[in-house]
>>> print(open('my_file21.cif').read())   # mmCIF, C-alpha atoms
data_protein
#
loop_
_atom_site.group_PDB
_atom_site.id
_atom_site.type_symbol
_atom_site.label_atom_id
_atom_site.label_comp_id
_atom_site.auth_asym_id
_atom_site.auth_seq_id
_atom_site.Cartn_x
_atom_site.Cartn_y
_atom_site.Cartn_z
ATOM 1 C CA MET A 1 107.085 40.886 164.872
ATOM 2 C CA PRO A 2 110.467 42.576 165.476
ATOM 3 C CA LEU A 3 110.833 46.295 164.824
ATOM 4 C CA GLU A 4 113.626 47.216 162.390
ATOM 5 C CA VAL A 5 115.689 50.041 163.909
ATOM 6 C CA ASP A 6 118.822 51.593 162.377
ATOM 7 C CA ILE A 7 121.012 54.004 164.313
ATOM 8 C CA TYR A 8 123.627 56.142 162.574
ATOM 9 C CA ASN A 9 126.231 58.313 164.272
ATOM 10 C CA THR A 10 127.979 61.095 162.392
ATOM 11 C CA LEU A 11 130.825 63.350 163.518
ATOM 12 C CA ASP A 12 131.570 66.923 162.577
ATOM 13 C CA GLY A 13 133.509 69.849 163.967
ATOM 14 C CA GLU A 14 130.740 70.618 166.438
ATOM 15 C CA GLY A 15 130.151 67.146 167.880
ATOM 16 C CA ILE A 16 128.253 63.901 167.399
ATOM 17 C CA GLN A 17 124.832 63.481 165.802
ATOM 18 C CA THR A 18 122.758 60.330 166.245
ATOM 19 C CA ASP A 19 119.868 59.605 163.888
ATOM 20 C CA VAL A 20 117.341 56.849 164.595
ATOM 21 C CA PHE A 21 115.464 55.301 161.662
ATOM 22 C CA VAL A 22 112.568 52.842 161.961
ATOM 23 C CA GLU A 23 111.226 50.328 159.431
ATOM 24 C CA GLY A 24 113.351 51.545 156.507
ATOM 25 C CA ARG A 25 112.021 55.114 156.618
ATOM 26 C CA ASP A 26 114.080 57.767 154.830
ATOM 27 C CA ASP A 27 113.655 60.371 157.573
ATOM 28 C CA PRO A 28 114.878 59.782 161.124
ATOM 29 C CA ILE A 29 112.258 59.547 163.847
ATOM 30 C CA GLU A 30 114.752 61.026 166.298
ATOM 31 C CA THR A 31 117.913 63.107 165.982
ATOM 32 C CA ILE A 32 120.160 63.789 168.943
ATOM 33 C CA LYS A 33 123.051 66.258 168.767
ATOM 34 C CA SER A 34 125.832 66.404 171.346
ATOM 35 C CA ASP A 35 128.559 69.032 171.131
ATOM 36 C CA TRP A 36 132.163 67.973 171.826
ATOM 37 C CA HIS A 37 132.390 70.057 175.006
ATOM 38 C CA SER A 38 129.358 68.293 176.494
ATOM 39 C CA VAL A 39 130.527 64.839 175.423
ATOM 40 C CA VAL A 40 133.936 65.307 177.062
ATOM 41 C CA SER A 41 132.576 67.067 180.168
ATOM 42 C CA ASN A 42 129.888 64.434 180.733
ATOM 43 C CA GLU A 43 132.391 61.603 180.406
ATOM 44 C CA PHE A 44 134.812 63.261 182.833
ATOM 45 C CA GLU A 45 132.092 64.087 185.352
ATOM 46 C CA ALA A 46 130.903 60.465 185.325
ATOM 47 C CA TYR A 47 134.148 59.524 187.129
ATOM 48 C CA CYS A 48 134.219 62.480 189.552
ATOM 49 C CA ILE A 49 132.758 63.086 192.967
ATOM 50 C CA PRO A 50 129.766 65.346 192.204
ATOM 51 C CA ASN A 51 130.560 69.080 192.177
ATOM 52 C CA THR A 52 134.219 68.565 193.166
ATOM 53 C CA ASN A 53 136.161 68.066 189.907
ATOM 54 C CA SER A 54 137.943 65.203 191.757
ATOM 55 C CA LEU A 55 138.559 61.758 190.343
ATOM 56 C CA VAL A 56 138.332 58.993 192.923
ATOM 57 C CA SER A 57 141.281 56.890 194.017
ATOM 58 C CA SER A 58 140.575 54.091 196.464
ATOM 59 C CA GLY A 59 143.413 51.759 197.372
ATOM 60 C CA TYR A 60 144.196 49.512 194.434
ATOM 61 C CA THR A 61 141.119 50.496 192.373
ATOM 62 C CA ASP A 62 141.833 53.562 190.280
ATOM 63 C CA THR A 63 139.634 52.398 187.437
ATOM 64 C CA GLY A 64 138.142 55.851 186.823
ATOM 65 C CA ILE A 65 141.567 57.416 186.426
ATOM 66 C CA THR A 66 142.738 54.550 184.221
ATOM 67 C CA ASP A 67 139.528 54.708 182.191
ATOM 68 C CA MET A 68 139.991 58.437 181.611
ATOM 69 C CA TRP A 69 143.571 57.996 180.378
ATOM 70 C CA ASN A 70 142.503 55.086 178.176
ATOM 71 C CA LEU A 71 139.802 57.318 176.677
ATOM 72 C CA VAL A 72 142.279 60.168 176.110
ATOM 73 C CA SER A 73 144.639 57.745 174.382
ATOM 74 C CA ALA A 74 141.866 56.238 172.243
ATOM 75 C CA MET A 75 140.632 59.685 171.163
ATOM 76 C CA ARG A 76 144.173 60.760 170.227
ATOM 77 C CA ASP A 77 144.700 57.541 168.285
ATOM 78 C CA ALA A 78 141.397 58.036 166.448
ATOM 79 C CA ALA A 79 142.230 61.673 165.630
ATOM 80 C CA ASP A 80 145.702 60.675 164.402
ATOM 81 C CA ARG A 81 144.209 57.903 162.262
ATOM 82 C CA LEU A 82 141.646 60.268 160.722
ATOM 83 C CA GLU A 83 144.327 62.884 160.075
ATOM 84 C CA ASN A 84 146.536 60.308 158.335
ATOM 85 C CA MET A 85 143.609 59.095 156.244
ATOM 86 C CA VAL A 86 142.919 62.661 155.079
ATOM 87 C CA LEU A 87 146.589 63.433 154.392
ATOM 88 C CA GLU A 88 147.012 60.225 152.378
ATOM 89 C CA CYS A 89 143.775 60.467 150.376
ATOM 90 C CA ASN A 90 143.125 61.703 146.885
ATOM 91 C CA VAL A 91 140.650 64.460 146.071
ATOM 92 C CA PHE A 92 138.230 64.172 143.167
ATOM 93 C CA ILE A 93 137.636 67.615 141.619
ATOM 94 C CA ARG A 94 134.003 67.046 140.733
ATOM 95 C CA ASP A 95 133.287 70.525 139.310
ATOM 96 C CA ASP A 96 136.095 70.144 136.727
ATOM 97 C CA TRP A 97 134.835 66.650 135.855
ATOM 98 C CA VAL A 98 131.256 67.930 135.334
ATOM 99 C CA GLU A 99 132.539 70.861 133.272
ATOM 100 C CA ALA A 100 134.463 68.378 131.091
ATOM 101 C CA GLY A 101 131.239 66.472 130.364
ATOM 102 C CA GLN A 102 131.623 63.750 133.017
ATOM 103 C CA PRO A 103 134.030 61.515 131.123
ATOM 104 C CA GLU A 104 134.360 57.852 132.087
ATOM 105 C CA ASP A 105 138.029 58.314 133.050
ATOM 106 C CA LYS A 106 138.037 60.241 136.330
ATOM 107 C CA LYS A 107 141.792 59.964 136.917
ATOM 108 C CA PRO A 108 142.633 63.341 135.289
ATOM 109 C CA PHE A 109 140.324 64.967 137.856
ATOM 110 C CA THR A 110 141.889 63.285 140.872
ATOM 111 C CA ILE A 111 144.803 64.872 142.723
ATOM 112 C CA SER A 112 146.615 64.224 145.989
ATOM 113 C CA TYR A 113 145.474 65.980 149.121
ATOM 114 C CA SER A 114 148.689 68.029 149.237
ATOM 115 C CA GLU A 115 148.126 69.172 145.623
ATOM 116 C CA TYR A 116 144.571 70.122 146.565
ATOM 117 C CA ILE A 117 145.717 72.153 149.586
ATOM 118 C CA ASN A 118 148.391 73.903 147.502
ATOM 119 C CA ALA A 119 145.801 74.773 144.830
ATOM 120 C CA GLN A 120 143.415 76.128 147.470
ATOM 121 C CA TYR A 121 146.217 78.198 148.975
ATOM 122 C CA GLU A 122 147.192 79.627 145.566
ATOM 123 C CA LYS A 123 143.536 80.587 144.961
ATOM 124 C CA GLY A 124 143.550 82.410 148.301
ATOM 125 C CA GLU A 125 140.918 80.107 149.745
ATOM 126 C CA LEU A 126 143.059 79.060 152.706
#
>>> encode(input="my_file21.cif", output="structure tokens")
Amino acid sequence: MPLEVDIYNTLDGEGIQTDVFVEGRDDPIETIKSDWHSVVSNEFEAYCIPNTNSLVSSGYTDTGITDMWNLVSAMRDAADRLENMVLECNVFIRDDWVEAGQPEDKKPFTISYSEYINAQYEKGEL
């Protein structure tokens, strides 16, 4: 009988967290946290001569160097995409909605991200 395993990765300002769930359990059986510094350092070191901080170039095969630049480009693209998603999103002001009795129409409690940032700045929270 196959074992049902679900793996979830989450990102935050500190790094990547991986949670492993088995057989539909609500609590992970394993959680692994990797900080951004370690993730980047480990990836870089995988293409270096040990203890030298030197990437290897050998004739026509510079795959490690190319792989590193492809990774840099992919990470920048992902960060740019996430930034654009945040800048273009709307923000639901849940506390105001709850205070208003949780009406069906949520639109009056939804503002653009720029309006949200301006409101936070005016409150002195930024």
>>> atom_distance(input="my_file21.cif", atom1="atom CA of Gly13 of chain A", atom2="atom CA of Lys33 of chain A")
12.1 Å
>>> residues_around(input="my_file21.cif", residues="segment 14-31 of chain A", least_positions_apart="6", cutoff="6 Å", atoms="only C-alpha atoms", output="PyMOL selection string")
chain A and resi 4-8
>>> residues_near_point(input="my_file21.cif", point="(132.1, 61.2, 188.9)", cutoff="12 Å", atoms="all atoms listed in the file", output="ChimeraX atom specification")
/A:41-57,63-65,67-68
>>> resolve_selection(input="my_file21.cif", expression="the PyMOL selection byres ((chain A and resi 76-90) around 12)", output="number ranges by chain")
A: 11, 69-75, 91-93, 106-117
>>> atom_distance(input="my_file21.cif", atom1="atom CA of Lys123 of chain A", atom2="atom CA of Ala100 of chain A")
20.6 Å
>>> axis_aligned_box(input="my_file21.cif", around="segment 102-121 of chain A", padding_each_side="3 Å", output="JSON")
{"center_x": 140.2, "center_y": 68.0, "center_z": 140.4, "size_x": 23.1, "size_y": 26.3, "size_z": 24.5}
>>> atom_distance(input="my_file21.cif", atom1="atom CA of Asp35 of chain A", atom2="atom CA of Asp12 of chain A")
9.3 Å
